[in-house]
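Q: One structure is given below, represented as structure tokens, and several questions about it will come after.
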Amino acid sequence: MKVCFLGMIFVFLAYLGYPEEYYEFVDKWEEGKASSKAEFNFPWGIVIDKEETIYVADTNNHRIQKFTSTGILITKWGSFGTSSGQFDSPRGIVDSSGYVYVADSGNCRIQKFTLEGSFTAKWGTYGSSDGQFVNPCGIATDNEGNVYVADSGNYRIQKFTSNGSFTLKWGTFGTENGQFEYPYGIAVDNNGYVYVADTWNDRIQKFTEDGSFTAKWGGVGASNGQFDHPCGVAIDSSGYIYVADTNNHRIQKFTSNGSFTTKWGMVSNYLDGRFQYPYGIATDLSGYVYVADTYNNRIQKFTSDGSFVAKLGPEGSFSGWLNPFSIAIDNNGNVYVADTENHRIQKFTSNGSFTVRWGMLGYLDGQFYSPEGIAIDQGSYVYVADRLNHRIQKFTSDGNLITKWGSYGTSSGQFIYPVGIAIDPSGYIYVADTFNYRIQKFTPQGSFTAKWGTYGSSDGQFVYPCGIAIDLFGYVYVVDVLRRDIQKFTSQGSFVTKFGRWGSFEGEFDMPYGIAIDPSGYVYVADTWNHRIQKFTSTGNFVTRWGRKGSFCGQFNSPCGIAIDPSGYVYVADTYNDRIQKFKRIALPSSVREITIFPNPFKAYPPYNHTKITFGDPINKEKRLPPKATIDIYNIVGELIKTIKEEDDGELDGLAIWEIKDIASGVYIYVIKDPSGNKAFGKIGVIK
């Protein structure tokens, strides 16, 4: 489809300098296609059903949240109150036979729901009689569907049928066998044995299903097998017992008779594998252990021996991102994301479907500390600039470590906070060695080859080199964040040219970080603090730009990374929005048909009295819109402000009318789309 402008519009738009192409938003991936970011306030209870669905008692938000095994929110229910389906500080949660039971602690009752959160039944009131509660915290079910409640404030365990009928109770206040002091956690194994986290007695007690005392272990302390206010207890399919040793900020694992096996964790704010007062714990059928890291307001997932797997919460998601910094794309269109503050790499298909992830916080092989740069060679090997570990790591496409090189220092092959990494057509690796103010070049195996650059503002010097990209001819482009420019070099480091300066106009930058080059040699820059993407020729001539600050589609919040796939789609790491956005180019087509837009430019002042713009020629039907065409109108910063449709009615057939009497002066972009998916775009000037 060809759009024919009136001759006058070319002069008008040339004066404004608006580009002859534009990039259309295609898709975004937020939290790995999660429907919402996971947020908790003092999560306490957690349970995993047989489908490996995760239920969390989000205590101080007075609700239950339900997630897939990868951390994608499915549903949530509840609010503060006393009505059915409302909660006051829910703590314990358990599932059985297709139902979810919740210890609604502040309301001193148990509530029963379907798996989707529909209220079914409730029982209990405040008191010490049978079936009454004082601050019930733990809840568990056995294979027969019986419900056990840790009635904490009454220092006892109560047992009920699945419909809430009282069966029996045991326990009184004290330190003797079978007595309790604020029992919080409870679990039942496949043989019917009941394990109670006797919290203020710093021990675990084991009972038969009728409350007969069997065994105990623990005691106050921090040694193996000792506890400091244990709150949660869980049992895996092999019969091992896991205890959330709350005030020791750790997890301990035991055999069913209380023999110590292993432990993991220590106190920390947000570091992977560490805790701040963990309260709840659960296991799934695959043997993974989930911990409600309560004061860190998150859930952490581990293997049965304590190896960190993933986390879900405000600073991370089982499948989402935390400050994704850079992107790389292999020859098959797979997308790799440097998930910087989650200290890992994630891999997706081109449509955003999760494939694999690897890495965690640490300094061992395959671990990362704020990885920022990522690049893929022709063999689909993945190179990562492991920034705060001052090294480069090389992996297979599924995350198996091949080699690594680098350490902290200023000698050749050493780094100080390397950020950017790129690969030339011959397979050589180029690293933006940021705080050494230089570029280093290596073989694919990590052997040092060359380096260039020193600190300064002259040509060939750097202040904060960050992004790096290489075109098909081997030229090296370096983004300098603090110089706010792009420098171009030969493969051996000889300076060629530069472009850009500090500012917000076309061709100017404010703290740019990322850079990418498409197969045609066009250069794309993530203009980070201007919250936009800019496109240039290989010599630095401005071509187009898109984006502004915001969280809507096509808007950005400090984008840092950018990559182009083999089909020409542009992927942007929208860093502080914690998402990836995907765009495609729409250029002015060379043929199909001509369409008249009148008047263009639009002038409202005398002697003009126009109130509308007509798409299509009322006289010449050859210059009208295709049947059932739609027209999207965007303002100059890319926001959709209007959609109009082709009329299918007599004399108006093939025309579309845009009433613009309330539209401000400026340049507007229109995109015409026909039912077959063909598109064309143009520009309209409005002068009032």
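Chain labels follow the order of the structure tokens: the first chain is A, the next B, and so on; residue numbering restarts at 1 in every chain, and ligands are counted from 1 in their shown order.
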Env of Gln367 of chain A: 10 Å cut, atoms = only C-alpha atoms, seq-sep filter 6 positions within chain, self excluded. Answer as a list in words.
A: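 My list of contacting residues is His343, Arg344, Ile345, Trp358, Gly359, Met360, Leu361, Asp386, Asn389, Gln393 and Leu401 of chain A.
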Q: Using the selection just defined, write its residues with N, CA, C and O atoms as a PDB file, in the first residue's frame.
A:
```
ATOM      1  N   HIS A 343      20.926 -12.461  39.128  1.00  0.00           N
ATOM      2  CA  HIS A 343      22.226 -13.125  38.984  1.00  0.00           C
ATOM      3  C   HIS A 343      22.110 -14.418  38.166  1.00  0.00           C
ATOM      4  O   HIS A 343      22.604 -15.475  38.564  1.00  0.00           O
ATOM      5  N   ARG A 344      21.472 -14.310  37.006  1.00  0.00           N
ATOM      6  CA  ARG A 344      21.279 -15.493  36.177  1.00  0.00           C
ATOM      7  C   ARG A 344      21.040 -15.089  34.732  1.00  0.00           C
ATOM      8  O   ARG A 344      20.829 -13.925  34.411  1.00  0.00           O
ATOM      9  N   ILE A 345      21.075 -16.097  33.859  1.00  0.00           N
ATOM     10  CA  ILE A 345      20.743 -15.941  32.443  1.00  0.00           C
ATOM     11  C   ILE A 345      19.450 -16.700  32.190  1.00  0.00           C
ATOM     12  O   ILE A 345      19.285 -17.828  32.668  1.00  0.00           O
ATOM     13  N   TRP A 358      19.941 -20.391  33.969  1.00  0.00           N
ATOM     14  CA  TRP A 358      21.039 -20.915  34.778  1.00  0.00           C
ATOM     15  C   TRP A 358      21.721 -19.771  35.514  1.00  0.00           C
ATOM     16  O   TRP A 358      21.640 -18.617  35.113  1.00  0.00           O
ATOM     17  N   GLY A 359      22.370 -20.148  36.613  1.00  0.00           N
ATOM     18  CA  GLY A 359      23.113 -19.175  37.399  1.00  0.00           C
ATOM     19  C   GLY A 359      22.424 -18.808  38.688  1.00  0.00           C
ATOM     20  O   GLY A 359      21.213 -18.949  38.853  1.00  0.00           O
ATOM     21  N   MET A 360      23.211 -18.333  39.632  1.00  0.00           N
ATOM     22  CA  MET A 360      22.741 -17.816  40.909  1.00  0.00           C
ATOM     23  C   MET A 360      23.859 -16.940  41.461  1.00  0.00           C
ATOM     24  O   MET A 360      24.967 -16.885  40.908  1.00  0.00           O
ATOM     25  N   LEU A 361      23.567 -16.228  42.532  1.00  0.00           N
ATOM     26  CA  LEU A 361      24.571 -15.363  43.121  1.00  0.00           C
ATOM     27  C   LEU A 361      25.727 -16.182  43.677  1.00  0.00           C
ATOM     28  O   LEU A 361      25.530 -17.124  44.440  1.00  0.00           O
ATOM     29  N   ASP A 386      30.484 -11.185  33.502  1.00  0.00           N
ATOM     30  CA  ASP A 386      30.125 -11.387  34.912  1.00  0.00           C
ATOM     31  C   ASP A 386      30.727 -10.220  35.691  1.00  0.00           C
ATOM     32  O   ASP A 386      31.807 -10.329  36.281  1.00  0.00           O
ATOM     33  N   ASN A 389      32.157 -10.086  39.357  1.00  0.00           N
ATOM     34  CA  ASN A 389      33.187 -11.113  39.515  1.00  0.00           C
ATOM     35  C   ASN A 389      34.390 -10.836  38.621  1.00  0.00           C
ATOM     36  O   ASN A 389      35.334 -11.630  38.607  1.00  0.00           O
ATOM     37  N   GLN A 393      32.512 -15.519  31.323  1.00  0.00           N
ATOM     38  CA  GLN A 393      32.199 -16.942  31.347  1.00  0.00           C
ATOM     39  C   GLN A 393      31.548 -17.345  30.021  1.00  0.00           C
ATOM     40  O   GLN A 393      30.771 -16.582  29.450  1.00  0.00           O
ATOM     41  N   LEU A 401      28.832 -24.763  31.512  1.00  0.00           N
ATOM     42  CA  LEU A 401      30.055 -23.969  31.459  1.00  0.00           C
ATOM     43  C   LEU A 401      31.098 -24.623  30.565  1.00  0.00           C
ATOM     44  O   LEU A 401      31.369 -25.814  30.678  1.00  0.00           O
TER      45      LEU A 401
END
```
Q: Do a neighbour search on Arg501 of chain A at 12 Å with only C-alpha atoms, toss out local chain neighbours closer than 3 positions, and write the hits as a ChimeraX atom specification.
A: /A:457,479-487,498,504-512,527,540
Q: So that each row is one residue of segment 328-424 of chain A with an atom at most 8 Å from segment 428-447 of chain A, can you give its shortest atom pair and the distance in Å to one decimal, using only C-alpha atoms, rows by chain and rising number, as a tab-separated table?
A:
```
residue	atom	partner	partner_atom	distance
A:Ala385	CA	A:Val431	CA	7.8
A:Thr403	CA	A:Gln445	CA	7.3
A:Lys404	CA	A:Gly446	CA	7.3
A:Trp405	CA	A:Gly446	CA	6.1
A:Thr410	CA	A:Asn436	CA	6.6
A:Ser412	CA	A:Gln440	CA	7.9
A:Gly413	CA	A:Gln440	CA	7.5
A:Phe415	CA	A:Asp433	CA	5.8
A:Ile416	CA	A:Phe435	CA	5.2
A:Tyr417	CA	A:Thr434	CA	5.9
A:Pro418	CA	A:Asp433	CA	4.4
A:Val419	CA	A:Ala432	CA	5.9
A:Gly420	CA	A:Ala432	CA	4.8
A:Ile421	CA	A:Val431	CA	4.5
A:Ala422	CA	A:Tyr430	CA	5.2
A:Ile423	CA	A:Ile429	CA	4.7
A:Asp424	CA	A:Tyr428	CA	5.5
```
Q: Output N, CA and C atoms for every residue in the selection just made, as a PDB file, in the first residue's frame.
A:
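Result file result.pdb:
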```pdb
ATOM      1  N   ALA A 385      29.447 -11.284  30.468  1.00  0.00           N
ATOM      2  CA  ALA A 385      30.308 -10.392  31.242  1.00  0.00           C
ATOM      3  C   ALA A 385      29.816 -10.410  32.687  1.00  0.00           C
ATOM      4  N   THR A 403      34.226 -22.476  29.567  1.00  0.00           N
ATOM      5  CA  THR A 403      35.479 -21.917  30.065  1.00  0.00           C
ATOM      6  C   THR A 403      35.197 -20.567  30.693  1.00  0.00           C
ATOM      7  N   LYS A 404      36.199 -20.003  31.319  1.00  0.00           N
ATOM      8  CA  LYS A 404      36.095 -18.674  31.918  1.00  0.00           C
ATOM      9  C   LYS A 404      37.476 -18.049  31.896  1.00  0.00           C
ATOM     10  N   TRP A 405      37.506 -16.725  31.957  1.00  0.00           N
ATOM     11  CA  TRP A 405      38.786 -16.055  32.067  1.00  0.00           C
ATOM     12  C   TRP A 405      38.605 -14.673  32.682  1.00  0.00           C
ATOM     13  N   THR A 410      44.473  -4.725  36.369  1.00  0.00           N
ATOM     14  CA  THR A 410      44.697  -3.813  35.247  1.00  0.00           C
ATOM     15  C   THR A 410      45.587  -4.403  34.162  1.00  0.00           C
ATOM     16  N   SER A 412      46.763  -7.064  31.104  1.00  0.00           N
ATOM     17  CA  SER A 412      46.052  -7.617  29.954  1.00  0.00           C
ATOM     18  C   SER A 412      45.322  -8.886  30.375  1.00  0.00           C
ATOM     19  N   GLY A 413      44.040  -8.975  30.007  1.00  0.00           N
ATOM     20  CA  GLY A 413      43.245 -10.129  30.372  1.00  0.00           C
ATOM     21  C   GLY A 413      42.578 -10.037  31.723  1.00  0.00           C
ATOM     22  N   PHE A 415      40.196  -7.537  34.439  1.00  0.00           N
ATOM     23  CA  PHE A 415      39.098  -6.579  34.277  1.00  0.00           C
ATOM     24  C   PHE A 415      38.795  -5.874  35.587  1.00  0.00           C
ATOM     25  N   ILE A 416      38.178  -4.706  35.441  1.00  0.00           N
ATOM     26  CA  ILE A 416      37.537  -4.036  36.566  1.00  0.00           C
ATOM     27  C   ILE A 416      36.118  -3.671  36.116  1.00  0.00           C
ATOM     28  N   TYR A 417      35.171  -4.432  36.598  1.00  0.00           N
ATOM     29  CA  TYR A 417      33.745  -4.242  36.295  1.00  0.00           C
ATOM     30  C   TYR A 417      33.445  -4.235  34.795  1.00  0.00           C
ATOM     31  N   PRO A 418      33.721  -5.313  34.094  1.00  0.00           N
ATOM     32  CA  PRO A 418      33.381  -5.347  32.666  1.00  0.00           C
ATOM     33  C   PRO A 418      31.866  -5.372  32.473  1.00  0.00           C
ATOM     34  N   VAL A 419      31.375  -4.576  31.525  1.00  0.00           N
ATOM     35  CA  VAL A 419      29.932  -4.459  31.302  1.00  0.00           C
ATOM     36  C   VAL A 419      29.515  -5.017  29.955  1.00  0.00           C
ATOM     37  N   GLY A 420      30.139  -4.550  28.877  1.00  0.00           N
ATOM     38  CA  GLY A 420      29.709  -4.924  27.536  1.00  0.00           C
ATOM     39  C   GLY A 420      30.552  -6.026  26.936  1.00  0.00           C
ATOM     40  N   ILE A 421      29.939  -6.801  26.029  1.00  0.00           N
ATOM     41  CA  ILE A 421      30.659  -7.861  25.330  1.00  0.00           C
ATOM     42  C   ILE A 421      30.039  -8.043  23.956  1.00  0.00           C
ATOM     43  N   ALA A 422      30.898  -8.286  22.963  1.00  0.00           N
ATOM     44  CA  ALA A 422      30.418  -8.471  21.590  1.00  0.00           C
ATOM     45  C   ALA A 422      31.369  -9.399  20.859  1.00  0.00           C
ATOM     46  N   ILE A 423      30.892  -9.948  19.733  1.00  0.00           N
ATOM     47  CA  ILE A 423      31.658 -10.928  18.958  1.00  0.00           C
ATOM     48  C   ILE A 423      31.673 -10.490  17.506  1.00  0.00           C
ATOM     49  N   ASP A 424      32.860 -10.515  16.878  1.00  0.00           N
ATOM     50  CA  ASP A 424      32.941 -10.098  15.480  1.00  0.00           C
ATOM     51  C   ASP A 424      32.693 -11.284  14.542  1.00  0.00           C
TER      52      ASP A 424
END
```
Q: Can you list every residue of segment 50-128 of chain A that has an atom at most 12 Å from segment 228-234 of chain A, with its nearest atom pair and the distance in Å to one decimal, using only C-alpha atoms, ordered by chain then number, as CSV?
A:
```
residue,atom,partner,partner_atom,distance
A:Arg91,CA,A:Gly232,CA,10.7
A:Gly92,CA,A:Gly232,CA,9.4
A:Ile93,CA,A:Gly232,CA,11.4
A:Val94,CA,A:Ala234,CA,11.1
```
Q: Go ahead and write the selection's residues with N, CA, C and O atoms as a compact mmCIF listing (two decimals), in the first residue's frame.
A:
```txt
# COMPACT_ATOMS: atom_id res chain seq x y z
N ARG A 91 -2.53 -17.76 58.51
CA ARG A 91 -1.16 -18.27 58.68
C ARG A 91 -0.97 -19.64 58.06
O ARG A 91 -0.23 -19.80 57.12
N GLY A 92 -1.61 -20.65 58.59
CA GLY A 92 -1.43 -21.99 58.05
C GLY A 92 -2.31 -22.23 56.85
O GLY A 92 -3.41 -21.67 56.72
N ILE A 93 -1.86 -23.09 55.93
CA ILE A 93 -2.64 -23.43 54.74
C ILE A 93 -2.28 -24.85 54.34
O ILE A 93 -1.12 -25.28 54.47
N VAL A 94 -3.28 -25.61 53.88
CA VAL A 94 -3.04 -26.98 53.44
C VAL A 94 -4.09 -27.32 52.39
O VAL A 94 -5.18 -26.72 52.36
```
Q: Using only C-alpha atoms, which residues sit within 8 Å of Asp58 of chain A once same-chain residues fewer than 5 positions away are excluded, as an NGL selection string?
A: :A and (40-45 or 63-65 or 90-91)
Q: Tell me which of A:Asn635, A:Ser96, A:Ser304, A:Ser105 sits closest to Thr141 of chain A, counting only C-alpha atoms.
A: A:Ser96
Q: Once DSSP has gone over the backbone, tell me which residues of segment 510-637 of chain A are in helix (DSSP H, G or I), as a ChimeraX atom specification.
A: /A:528-530,575-577,621-623
Q: When distances are computed from only C-alpha atoms, which of A:Ile631, A:Ala150, A:Ala328, A:Ala121 shows the smallest separation from Ala656 of chain A?
A: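 Of all the options, A:Ile631 lies closest to Ala656 of chain A.
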Q: So which residues touch segment 208-225 of chain A within 8 Å, counting only C-alpha atoms, skipping near sequence neighbours fewer than 6 positions away, as JSON, numbers by chain?
A: {"A": [168, 169, 170, 177, 178, 192, 193, 194, 201, 202, 248, 252, 257, 258, 259, 260, 263]}
Q: If we count only C-alpha atoms and set the cut-off at 12 Å, which residues sit around Arg585 of chain A, ignoring sequence neighbours fewer than 3 positions away in its own chain? Please answer as number ranges by chain.
A: A: 20-26, 518, 535, 544-546, 564, 567-571, 582, 588-589, 679-681
Q: Could you pull the residues within 9 Å of Glu659 of chain A, counting only C-alpha atoms, minus those fewer than 2 positions along the same chain, as a PyMOL selection string?
A: chain A and resi 611-614+657+661-663
Q: Pull N, CA, C and O atoms from the residues just selected and write them as a short mmCIF file (atom, residue, chain, number, x, y, z; two decimals), in the first residue's frame.
A:
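Contents of out.cif, as written:
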```cif
data_model
loop_
_atom_site.label_atom_id
_atom_site.label_comp_id
_atom_site.auth_asym_id
_atom_site.auth_seq_id
_atom_site.Cartn_x
_atom_site.Cartn_y
_atom_site.Cartn_z
N THR A 611 -12.47 21.21 9.97
CA THR A 611 -12.69 20.57 11.28
C THR A 611 -12.36 19.09 11.24
O THR A 611 -12.47 18.41 12.25
N LYS A 612 -12.01 18.59 10.06
CA LYS A 612 -11.77 17.15 9.95
C LYS A 612 -10.75 16.88 8.85
O LYS A 612 -10.50 17.72 7.98
N ILE A 613 -10.14 15.69 8.93
CA ILE A 613 -9.23 15.21 7.89
C ILE A 613 -9.88 13.99 7.27
O ILE A 613 -10.40 13.12 7.96
N THR A 614 -9.85 13.91 5.95
CA THR A 614 -10.43 12.80 5.22
C THR A 614 -9.34 11.90 4.68
O THR A 614 -8.41 12.37 4.01
N ILE A 657 -13.06 9.38 8.27
CA ILE A 657 -13.09 10.77 8.72
C ILE A 657 -12.51 10.87 10.13
O ILE A 657 -12.91 10.13 11.04
N LYS A 661 -11.16 18.82 15.72
CA LYS A 661 -11.31 20.17 16.25
C LYS A 661 -10.74 20.32 17.65
O LYS A 661 -10.39 21.44 18.07
N ASP A 662 -10.61 19.21 18.40
CA ASP A 662 -10.04 19.29 19.75
C ASP A 662 -8.61 18.78 19.82
O ASP A 662 -8.06 18.58 20.90
N ILE A 663 -7.98 18.55 18.68
CA ILE A 663 -6.61 18.04 18.62
C ILE A 663 -5.61 19.19 18.66
O ILE A 663 -5.79 20.21 17.97
#
```
Q: Closest to Gln346 of chain A among A:Tyr522, A:Trp321, A:Phe368, A:Tyr513, using only C-alpha atoms?
A: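 Closest residue, counting only C-alpha atoms: A:Trp321.
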Q: From the options A:Val335, A:Val47, A:Ala103, A:Val667, which residue's atoms come nearest to Ile299 of chain A, counting only C-alpha atoms?
A: A:Val47
